[in-house]
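A.B. asks: Just so it is clear, I am handing over structure_0.pdb, which has PDB, C-alpha atoms.
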ATOM      1  CA  MET I  15       0.000   0.000   0.000
ATOM      2  CA  PHE I  16       1.287   3.474  -0.874
ATOM      3  CA  ILE I  17      -0.606   6.303   0.813
ATOM      4  CA  ASP I  18       0.234   9.856  -0.240
ATOM      5  CA  ARG I  19      -2.900  11.764   0.847
ATOM      6  CA  VAL I  20      -4.463  11.712   4.296
ATOM      7  CA  ASN I  21      -7.251  13.416   6.236
ATOM      8  CA  ALA I  22      -7.054  13.055   9.996
ATOM      9  CA  LEU I  23      -8.381  14.567  13.190
ATOM     10  CA  CYS I  24      -5.615  15.522  15.617
ATOM     11  CA  ILE I  25      -6.467  15.811  19.316
ATOM     12  CA  ALA I  26      -3.816  16.914  21.793
ATOM     13  CA  GLY I  27      -3.905  15.640  25.359
ATOM     14  CA  ASP I  28      -6.014  17.348  28.041
ATOM     15  CA  GLY I  29      -4.302  18.827  31.061
ATOM     16  CA  GLY I  30      -4.598  16.752  34.224
ATOM     17  CA  PRO I  31      -6.825  18.064  37.056
ATOM     18  CA  GLY I  32      -5.454  19.572  40.228
ATOM     19  CA  VAL I  33      -6.547  17.916  43.469
ATOM     20  CA  ILE I  34      -7.711  18.909  46.911
ATOM     21  CA  ALA I  35      -5.606  17.300  49.615
ATOM     22  CA  TRP I  36      -4.455  18.112  53.132
ATOM     23  CA  ARG I  37      -1.264  17.620  54.990
ATOM     24  CA  ARG I  38      -1.922  15.161  57.806
ATOM     25  CA  GLU I  39       1.119  14.264  59.816
ATOM     26  CA  LYS I  40       1.605  13.350  63.424
ATOM     27  CA  TYR I  41       2.582  16.276  65.664
ATOM     28  CA  ILE I  42       1.579  18.780  62.950
ATOM     29  CA  PRO I  43      -1.911  19.904  63.964
ATOM     30  CA  LYS I  44      -2.219  22.560  61.260
ATOM     31  CA  GLY I  45      -1.003  20.809  58.157
ATOM     32  CA  GLY I  46      -2.669  23.004  55.561
ATOM     33  CA  PRO I  47      -3.452  22.420  51.880
ATOM     34  CA  ALA I  48      -1.273  19.923  50.020
ATOM     35  CA  GLY I  49      -3.051  19.244  46.709
ATOM     36  CA  GLY I  50      -0.709  19.115  43.719
ATOM     37  CA  ASN I  51      -1.150  20.512  40.214
ATOM     38  CA  GLY I  52      -2.090  18.354  37.241
ATOM     39  CA  GLY I  53       0.352  17.595  34.451
ATOM     40  CA  LYS I  54       0.080  19.234  31.047
ATOM     41  CA  GLY I  55      -1.332  17.286  28.125
ATOM     42  CA  GLY I  56       0.852  15.888  25.375
ATOM     43  CA  SER I  57       1.216  17.794  22.112
ATOM     44  CA  ILE I  58       1.088  16.353  18.591
ATOM     45  CA  ILE I  59       4.236  17.028  16.598
ATOM     46  CA  PHE I  60       4.873  16.081  12.972
ATOM     47  CA  GLN I  61       8.503  15.555  12.021
ATOM     48  CA  ALA I  62      10.102  14.870   8.636
ATOM     49  CA  ASP I  63      12.176  11.698   8.535
ATOM     50  CA  HIS I  64      14.213  10.570   5.520
ATOM     51  CA  ASN I  65      13.636   6.938   6.502
ATOM     52  CA  VAL I  66       9.870   7.284   5.945
ATOM     53  CA  TYR I  67       8.682   7.111   2.336
ATOM     54  CA  SER I  68       4.876   7.267   2.534
ATOM     55  CA  LEU I  69       1.979   8.100   4.844
ATOM     56  CA  ASP I  70       1.169   4.438   5.504
ATOM     57  CA  TRP I  71       1.186   5.056   9.276
ATOM     58  CA  PHE I  72      -2.211   6.720   8.794
ATOM     59  CA  ALA I  73      -3.726   3.750   6.930
ATOM     60  CA  TYR I  74      -6.090   2.834   9.765
ATOM     61  CA  LYS I  75      -5.802   5.964  11.890
ATOM     62  CA  HIS I  76      -8.435   8.598  11.187
ATOM     63  CA  THR I  77      -7.927  10.108  14.637
ATOM     64  CA  VAL I  78      -4.517  10.949  16.106
ATOM     65  CA  ARG I  79      -4.580  11.495  19.855
ATOM     66  CA  ALA I  80      -1.844  12.442  22.309
ATOM     67  CA  GLU I  81      -1.725  11.363  25.959
ATOM     68  CA  ASP I  82      -3.615  13.285  28.636
ATOM     69  CA  GLY I  83      -1.808  14.779  31.603
ATOM     70  CA  LYS I  84      -2.223  12.969  34.917
ATOM     71  CA  ALA I  85      -3.943  14.302  38.008
ATOM     72  CA  GLY I  86      -1.915  15.922  40.765
ATOM     73  CA  GLY I  87      -1.316  14.058  44.005
ATOM     74  CA  SER I  88      -1.216  14.662  47.713
ATOM     75  CA  ALA I  89       1.842  16.129  49.399
ATOM     76  CA  CYS I  90       1.923  18.748  46.615
ATOM     77  CA  LYS I  91       2.941  16.171  44.017
ATOM     78  CA  GLN I  92       2.849  17.360  40.425
ATOM     79  CA  GLY I  93       0.898  15.110  38.046
ATOM     80  CA  ARG I  94       2.887  13.491  35.242
ATOM     81  CA  ASN I  95       2.872  15.354  31.933
ATOM     82  CA  GLY I  96       1.239  13.602  29.000
ATOM     83  CA  GLN I  97       3.783  12.282  26.507
ATOM     84  CA  ASP I  98       4.100  14.238  23.271
ATOM     85  CA  LEU I  99       3.145  12.244  20.196
ATOM     86  CA  ILE I 100       5.813  12.628  17.503
ATOM     87  CA  VAL I 101       4.557  11.418  14.128
ATOM     88  CA  LYS I 102       7.258  10.741  11.525
ATOM     89  CA  ILE I 103       6.308  11.721   7.966
ATOM     90  CA  PRO I 104       8.278  11.852   4.699
ATOM     91  CA  ALA I 105      10.140  14.958   3.622
ATOM     92  CA  GLY I 106       8.086  16.549   0.857
ATOM     93  CA  THR I 107       4.809  16.488   2.776
ATOM     94  CA  LEU I 108       2.441  19.450   2.746
ATOM     95  CA  LEU I 109       0.462  19.994   5.969
ATOM     96  CA  THR I 110      -2.825  21.858   5.462
ATOM     97  CA  ASP I 111      -5.618  22.897   7.803
ATOM     98  CA  GLY I 112      -8.592  20.727   6.870
ATOM     99  CA  GLU I 113     -11.151  23.467   7.519
ATOM    100  CA  THR I 114      -9.523  26.648   6.219
ATOM    101  CA  GLN I 115      -7.233  24.985   3.634
ATOM    102  CA  GLU I 116      -4.406  27.151   4.970
ATOM    103  CA  LEU I 117      -0.940  25.724   4.372
ATOM    104  CA  LEU I 118       0.466  25.163   7.844
ATOM    105  CA  TYR I 119       3.884  23.758   6.975
ATOM    106  CA  ASP I 120       5.877  22.414   4.060
ATOM    107  CA  PHE I 121       8.290  19.719   5.211
ATOM    108  CA  THR I 122      11.240  19.828   2.823
ATOM    109  CA  LYS I 123      14.215  18.830   4.997
ATOM    110  CA  ASP I 124      14.955  15.866   7.199
ATOM    111  CA  GLY I 125      14.320  16.612  10.876
ATOM    112  CA  GLU I 126      11.975  19.575  10.390
ATOM    113  CA  ALA I 127       9.221  19.557  13.021
ATOM    114  CA  PHE I 128       5.921  21.381  13.496
ATOM    115  CA  THR I 129       3.557  21.314  16.460
ATOM    116  CA  VAL I 130       0.100  20.661  15.049
ATOM    117  CA  CYS I 131      -1.828  20.732  18.362
ATOM    118  CA  LYS I 132      -0.623  21.876  21.776
ATOM    119  CA  GLY I 133      -1.548  19.980  24.895
ATOM    120  CA  GLY I 134      -3.760  21.546  27.545
ATOM    121  CA  ARG I 135      -2.422  23.112  30.742
ATOM    122  CA  GLY I 136      -2.665  21.203  33.973
ATOM    123  CA  GLY I 137      -5.167  22.292  36.600
ATOM    124  CA  LYS I 138      -4.134  23.761  39.950
ATOM    125  CA  GLY I 139      -4.391  21.947  43.250
ATOM    126  CA  ASN I 140      -5.587  23.623  46.411
ATOM    127  CA  HIS I 141      -2.011  24.221  47.551
ATOM    128  CA  ALA I 142      -1.690  26.793  44.738
ATOM    129  CA  PHE I 143      -4.626  28.823  46.102
ATOM    130  CA  ARG I 144      -3.336  29.361  49.637
ATOM    131  CA  THR I 145      -2.966  33.005  50.703
ATOM    132  CA  SER I 146      -2.318  34.839  53.932
ATOM    133  CA  THR I 147      -6.050  35.326  54.375
ATOM    134  CA  ASN I 148      -7.187  31.950  53.047
ATOM    135  CA  ARG I 149      -4.975  29.323  54.604
ATOM    136  CA  ALA I 150      -7.276  26.398  53.897
ATOM    137  CA  PRO I 151      -8.601  26.763  50.326
ATOM    138  CA  ASN I 152     -10.959  23.977  49.415
ATOM    139  CA  ILE I 153     -10.841  24.437  45.638
ATOM    140  CA  ALA I 154      -8.956  22.971  42.698
ATOM    141  CA  THR I 155      -9.275  23.440  38.940
ATOM    142  CA  LYS I 156      -9.540  21.035  36.065
ATOM    143  CA  GLY I 157      -6.976  21.005  33.322
ATOM    144  CA  THR I 158      -7.690  22.787  30.038
ATOM    145  CA  PRO I 159      -8.548  20.661  26.991
ATOM    146  CA  GLY I 160      -5.901  20.056  24.338
ATOM    147  CA  GLU I 161      -6.164  21.680  20.941
ATOM    148  CA  THR I 162      -8.095  19.888  18.205
ATOM    149  CA  ARG I 163      -7.447  20.331  14.504
ATOM    150  CA  GLN I 164      -8.606  18.653  11.316
ATOM    151  CA  ILE I 165      -5.603  18.304   9.023
ATOM    152  CA  GLN I 166      -4.737  17.182   5.521
ATOM    153  CA  LEU I 167      -1.408  15.702   4.499
ATOM    154  CA  GLU I 168      -0.255  15.473   0.897
ATOM    155  CA  LEU I 169       3.023  13.859  -0.062
ATOM    156  CA  ARG I 170       4.942  15.201  -3.022
ATOM    157  CA  LEU I 171       8.151  13.248  -3.393
ATOM    158  CA  ILE I 172      11.409  15.151  -3.254
ATOM    159  CA  ALA I 173      13.952  13.557  -5.555
ATOM    160  CA  ASP I 174      16.898  14.714  -7.640
ATOM    161  CA  VAL I 175      15.600  13.004 -10.768
ATOM    162  CA  GLY I 176      12.088  12.073 -11.878
ATOM    163  CA  LEU I 177      11.654   9.368 -14.518
ATOM    164  CA  VAL I 178       8.925  10.254 -17.009
ATOM    165  CA  GLY I 179       7.677   7.892 -19.677
ATOM    166  CA  PHE I 180       4.823   5.857 -21.051
ATOM    167  CA  PRO I 181       4.018   2.439 -19.622
ATOM    168  CA  ASN I 182       6.516  -0.227 -20.700
ATOM    169  CA  ALA I 183       9.213   2.308 -21.616
ATOM    170  CA  GLY I 184      11.578   0.591 -19.181
ATOM    171  CA  LYS I 185      11.629   3.113 -16.322
ATOM    172  CA  SER I 186      11.523   0.499 -13.574
ATOM    173  CA  ARG I 187      14.199  -1.578 -15.266
ATOM    174  CA  LEU I 188      16.372   1.534 -15.579
ATOM    175  CA  LEU I 189      15.904   2.367 -11.890
ATOM    176  CA  GLN I 190      16.842  -1.205 -11.060
ATOM    177  CA  GLN I 191      19.909  -1.030 -13.283
ATOM    178  CA  LEU I 192      21.145   2.267 -11.862
ATOM    179  CA  SER I 193      20.367   1.805  -8.180
ATOM    180  CA  ARG I 194      19.863  -1.926  -7.643
ATOM    181  CA  ALA I 195      16.470  -1.015  -6.191
ATOM    182  CA  ASN I 196      14.072  -3.906  -5.711
ATOM    183  CA  VAL I 197      11.257  -2.778  -7.988
ATOM    184  CA  LYS I 198       8.703  -4.748  -9.969
ATOM    185  CA  VAL I 199       9.583  -5.220 -13.623
ATOM    186  CA  GLY I 200       7.330  -6.857 -16.196
ATOM    187  CA  ALA I 201       6.635  -6.867 -19.934
ATOM    188  CA  TYR I 202       3.173  -5.364 -19.626
ATOM    189  CA  PRO I 203       1.768  -1.852 -19.029
ATOM    190  CA  PHE I 204       1.301  -0.339 -15.569
ATOM    191  CA  THR I 205       3.706  -2.675 -13.804
ATOM    192  CA  THR I 206       4.446   0.274 -11.518
ATOM    193  CA  LEU I 207       1.370   1.315  -9.568
ATOM    194  CA  GLN I 208       3.147   3.516  -7.024
ATOM    195  CA  PRO I 209       6.230   5.763  -7.082
ATOM    196  CA  ASN I 210       9.508   4.008  -6.353
ATOM    197  CA  LEU I 211      12.674   5.611  -5.031
ATOM    198  CA  GLY I 212      16.217   4.493  -5.707
ATOM    199  CA  TYR I 213      19.598   5.912  -4.757
ATOM    200  CA  VAL I 214      22.484   5.857  -7.212
ATOM    201  CA  SER I 215      25.796   6.016  -5.333
ATOM    202  CA  ILE I 216      28.751   7.212  -7.381
ATOM    203  CA  ASP I 217      31.211   7.329  -4.491
ATOM    204  CA  GLU I 218      31.179   8.206  -0.793
ATOM    205  CA  LEU I 219      30.438  11.861  -1.540
ATOM    206  CA  HIS I 220      28.027  11.706  -4.466
ATOM    207  CA  SER I 221      24.622  10.079  -4.783
ATOM    208  CA  ILE I 222      21.382  10.778  -6.648
ATOM    209  CA  CYS I 223      17.830  10.082  -5.543
ATOM    210  CA  ILE I 224      15.701   8.901  -8.481
ATOM    211  CA  ALA I 225      11.906   8.651  -8.430
ATOM    212  CA  ASP I 226      10.165   6.289 -10.836
ATOM    213  CA  ILE I 227       6.784   7.884 -11.492
ATOM    214  CA  PRO I 228       4.063   5.462 -12.683
ATOM    215  CA  GLY I 229       3.535   5.488 -16.444
ATOM    216  CA  ILE I 230       1.820   8.496 -17.942
ATOM    217  CA  ILE I 231      -0.720   8.078 -20.718
ATOM    218  CA  GLU I 232      -2.308  10.607 -23.055
ATOM    219  CA  GLY I 233      -4.898  12.584 -21.099
ATOM    220  CA  ALA I 234      -3.090  12.114 -17.764
ATOM    221  CA  HIS I 235      -3.520  15.825 -16.987
ATOM    222  CA  GLN I 236      -7.283  15.165 -17.135
ATOM    223  CA  ASN I 237      -6.818  12.339 -14.611
ATOM    224  CA  ARG I 238      -6.858   9.504 -17.118
ATOM    225  CA  GLY I 239      -4.981   6.378 -16.097
ATOM    226  CA  LEU I 240      -3.070   7.061 -12.882
ATOM    227  CA  GLY I 241      -3.263  10.726 -13.870
ATOM    228  CA  LEU I 242      -3.218  13.378 -11.185
ATOM    229  CA  ASP I 243      -2.526  10.843  -8.439
ATOM    230  CA  PHE I 244       1.139  10.811  -9.392
ATOM    231  CA  LEU I 245       1.801  13.721 -11.761
ATOM    232  CA  ARG I 246       2.232  15.963  -8.719
ATOM    233  CA  HIS I 247       5.227  13.887  -7.610
ATOM    234  CA  ILE I 248       7.170  15.265 -10.571
ATOM    235  CA  GLU I 249       6.855  18.855  -9.358
ATOM    236  CA  ARG I 250       9.645  18.748  -6.755
ATOM    237  CA  THR I 251      12.262  16.885  -8.753
ATOM    238  CA  LYS I 252      15.322  18.843  -9.854
ATOM    239  CA  VAL I 253      15.745  17.081 -13.192
ATOM    240  CA  LEU I 254      13.338  15.279 -15.524
ATOM    241  CA  LEU I 255      14.590  12.192 -17.319
ATOM    242  CA  TYR I 256      12.365  11.234 -20.239
ATOM    243  CA  VAL I 257      12.581   7.494 -20.868
ATOM    244  CA  ILE I 258      11.578   6.645 -24.438
ATOM    245  CA  ASP I 259      11.132   3.147 -25.856
ATOM    246  CA  ILE I 260      13.289   3.662 -28.927
ATOM    247  CA  ALA I 261      12.564   0.130 -30.188
ATOM    248  CA  GLY I 262       8.953   1.115 -30.849
ATOM    249  CA  TYR I 263       7.357  -1.617 -28.762
ATOM    250  CA  ASP I 264       3.831  -2.556 -29.841
ATOM    251  CA  GLY I 265       4.016  -0.306 -32.898
ATOM    252  CA  ARG I 266       4.608   2.920 -30.923
ATOM    253  CA  ASN I 267       6.361   5.892 -32.500
ATOM    254  CA  PRO I 268       9.119   7.213 -30.180
ATOM    255  CA  CYS I 269       8.923  10.736 -31.637
ATOM    256  CA  ASP I 270       5.192  10.884 -31.005
ATOM    257  CA  ASP I 271       5.696   9.494 -27.493
ATOM    258  CA  PHE I 272       8.162  12.246 -26.591
ATOM    259  CA  SER I 273       5.887  14.969 -27.968
ATOM    260  CA  ALA I 274       2.909  13.504 -26.098
ATOM    261  CA  LEU I 275       4.835  13.403 -22.807
ATOM    262  CA  GLN I 276       5.805  17.048 -23.131
ATOM    263  CA  HIS I 277       2.220  17.941 -23.967
ATOM    264  CA  GLU I 278       0.895  16.177 -20.855
ATOM    265  CA  LEU I 279       3.421  17.868 -18.567
ATOM    266  CA  LYS I 280       2.719  21.271 -20.099
ATOM    267  CA  ALA I 281      -1.052  20.795 -19.723
ATOM    268  CA  TYR I 282      -0.592  19.838 -16.058
ATOM    269  CA  ASP I 283       1.960  22.543 -15.181
ATOM    270  CA  SER I 284       3.811  24.444 -17.887
ATOM    271  CA  SER I 285       6.699  25.224 -15.511
ATOM    272  CA  LEU I 286       7.710  21.548 -15.663
ATOM    273  CA  LEU I 287       9.091  22.133 -19.148
ATOM    274  CA  ASP I 288      11.509  24.684 -17.696
ATOM    275  CA  LYS I 289      13.234  22.075 -15.551
ATOM    276  CA  PRO I 290      16.630  20.709 -16.596
ATOM    277  CA  MET I 291      16.083  17.548 -18.602
ATOM    278  CA  LEU I 292      17.735  14.561 -20.225
ATOM    279  CA  ILE I 293      16.347  12.051 -22.705
ATOM    280  CA  ALA I 294      17.131   8.357 -22.451
ATOM    281  CA  LEU I 295      16.433   6.422 -25.650
ATOM    282  CA  ASN I 296      16.033   3.012 -24.052
ATOM    283  CA  LYS I 297      16.165  -0.547 -25.458
ATOM    284  CA  CYS I 298      19.003   0.102 -27.907
ATOM    285  CA  ASP I 299      20.001  -3.545 -27.361
ATOM    286  CA  LEU I 300      17.179  -4.345 -29.796
ATOM    287  CA  ALA I 301      19.432  -2.963 -32.508
ATOM    288  CA  GLU I 302      17.402  -3.899 -35.565
ATOM    289  CA  GLU I 303      14.234  -2.235 -34.285
ATOM    290  CA  ALA I 304      15.955   0.697 -32.564
ATOM    291  CA  ALA I 305      18.350   1.911 -35.287
ATOM    292  CA  PRO I 306      15.790   3.551 -37.633
ATOM    293  CA  HIS I 307      13.959   5.156 -34.697
ATOM    294  CA  ILE I 308      17.194   6.613 -33.293
ATOM    295  CA  ALA I 309      17.940   8.215 -36.661
ATOM    296  CA  ALA I 310      14.398   9.560 -36.926
ATOM    297  CA  PHE I 311      14.447  10.970 -33.378
ATOM    298  CA  THR I 312      17.710  12.793 -34.032
ATOM    299  CA  GLU I 313      16.287  14.256 -37.234
ATOM    300  CA  VAL I 314      12.987  15.383 -35.685
ATOM    301  CA  PHE I 315      14.516  16.779 -32.461
ATOM    302  CA  PRO I 316      17.991  18.080 -33.384
ATOM    303  CA  ARG I 317      17.874  20.693 -30.597
ATOM    304  CA  TYR I 318      17.897  17.918 -28.013
ATOM    305  CA  THR I 319      20.974  16.135 -29.335
ATOM    306  CA  GLN I 320      23.197  17.339 -26.489
ATOM    307  CA  VAL I 321      20.853  15.995 -23.800
ATOM    308  CA  THR I 322      20.014  12.677 -25.458
ATOM    309  CA  HIS I 323      21.566   9.375 -24.348
ATOM    310  CA  VAL I 324      21.147   6.085 -26.168
ATOM    311  CA  ILE I 325      20.995   3.376 -23.506
ATOM    312  CA  SER I 326      19.907  -0.119 -22.658
ATOM    313  CA  ALA I 327      18.498  -0.565 -19.171
ATOM    314  CA  GLU I 328      18.656  -4.317 -19.787
ATOM    315  CA  THR I 329      22.390  -4.560 -20.515
ATOM    316  CA  GLY I 330      23.620  -1.340 -18.882
ATOM    317  CA  GLN I 331      24.932   0.112 -22.145
ATOM    318  CA  GLY I 332      25.273   3.909 -21.897
ATOM    319  CA  CYS I 333      24.041   4.008 -18.281
ATOM    320  CA  ARG I 334      27.349   5.184 -16.791
ATOM    321  CA  GLU I 335      27.443   8.200 -19.110
ATOM    322  CA  LEU I 336      23.802   8.929 -18.279
ATOM    323  CA  VAL I 337      24.534   8.957 -14.543
ATOM    324  CA  LEU I 338      27.450  11.355 -14.985
ATOM    325  CA  SER I 339      25.200  13.735 -16.919
ATOM    326  CA  LEU I 340      22.574  13.502 -14.171
ATOM    327  CA  LEU I 341      25.235  14.325 -11.580
ATOM    328  CA  SER I 342      26.137  17.465 -13.480
ATOM    329  CA  LEU I 343      22.529  18.614 -13.853
ATOM    330  CA  THR I 344      21.726  18.057 -10.180
ATOM    331  CA  GLY I 345      24.569  20.356  -9.176
ATOM    332  CA  GLN I 346      27.065  17.674  -8.229
ATOM    333  CA  GLN I 347      30.404  16.822  -9.728
ATOM    334  CA  GLY I 348      31.494  13.253 -10.259
TER
END
Go ahead and express the file in the form of structure tokens.

C.D. replies:
Amino acid sequence: MFIDRVNALCIAGDGGPGVIAWRREKYIPKGGPAGGNGGKGGSIIFQADHNVYSLDWFAYKHTVRAEDGKAGGSACKQGRNGQDLIVKIPAGTLLTDGETQELLYDFTKDGEAFTVCKGGRGGKGNHAFRTSTNRAPNIATKGTPGETRQIQLELRLIADVGLVGFPNAGKSRLLQQLSRANVKVGAYPFTTLQPNLGYVSIDELHSICIADIPGIIEGAHQNRGLGLDFLRHIERTKVLLYVIDIAGYDGRNPCDDFSALQHELKAYDSSLLDKPMLIALNKCDLAEEAAPHIAAFTEVFPRYTQVTHVISAETGQGCRELVLSLLSLTGQQG
């Protein structure tokens, strides 16, 4: 299961009540008030964690509740504070108020934290009400309730490179070849039904995070196929890597495929075409089928010659050169 959108009700912990108690000790006839204060309620805190990749934690949790503070005790004992609930979410998550639709926080970096709901204050015991004129107060207060907020979470993957291509173009196989990621690969459309992440390590200092976005089809910007569910994951990538089946599988025309992909991205968000890009003409190992399409692609799109790589995700041909180009575009040096 891959969950990237969530609605939830967050309820912080209530403050614990103060208590009425009296000091009763032998040889102390006038003990006085000794009721302790209640503990404060736990807060709900969302924190970005690079080890978390989806919002699956919320799969069966429509209500998120923090611990209440405990009641005060006799002998002026303070009640225990409710434990804060720290919820780990992926970097790239947008936190929105469910009622006003106000953007509360955009988690972009590992470790960033935001307090969604604050816990209530603890109530006061009767010891807190003693004065010079009222030495035996017989009152205590309840704790205040914790904050409640309806929230929405939307994950938009943050990756250095986003793979864009039609179903069966070989994106998953390329991710597997570059990163050794354990992703599903099959010779049929829509093998990938959720975004996959892989990390390509060049050396100890250089690595690239690659996101395999499920196959786009014509009309994706109108929510056809997997459509809008995953197009938004492309928005935060630094570089777009178009993966084109240059062997023309199932009678497809690679030139038409590339034009259609650009059209879909432009229709969804025209700014996507301004991102740095590379083109991977995949399946060149099928030389007989690929050769005429490679020549045609070069002729139709001469302006993209410098950013085009002829590769085979199956054999690894041309993949090293592709990775070095990706390193350069993502602002790293190999």

A.B. asks: Please determine, counting only C-alpha atoms, which residue among I:Ile58, I:Val101, I:Ile17, I:Leu118 has the shortest atom-to-atom distance to I:Tyr74.

C.D. replies: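 So, comparing all the options, the nearest one is I:Ile17.
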
A.B. asks: Kindly resolve the PyMOL selection byres ((chain I and resi 260) around 12) on the present coordinates and return the residues as a PyMOL selection string.

C.D. replies: chain I and resi 179-180+182-184+256-259+261-272+293-312+322-327

A.B. asks: In Å, how far is it from atom CA of I:Gln97 to atom CA of I:Gln61?

C.D. replies: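 Rounded to one decimal, the two atoms are 15.6 Å apart.
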
A.B. asks: I would like the residues chosen by the PyMOL selection byres ((chain I and resi 160) around 10) on the shown file; could you give them as a PyMOL selection string?

C.D. replies: chain I and resi 24-29+54-58+79-83+131-135+157-159+161-163

A.B. asks: Kindly provide, as an MDAnalysis selection string, the polymer residues lying within 12 Å of (13.6, 7.0, 7.9), counting all atoms listed in the file and using the coordinates exactly as they appear in the file.

C.D. replies: chainID I and resid 61:68 101:105 124:125

A.B. asks: For each of I:Leu340, I:Leu23, I:Ala281, I:Val33, take the minimum atom-to-atom distance to I:Lys84, counting all atoms listed in the file, then give the residue where this is smallest.

C.D. replies: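 Counting all atoms listed in the file, the residue closest to I:Lys84 is I:Val33.
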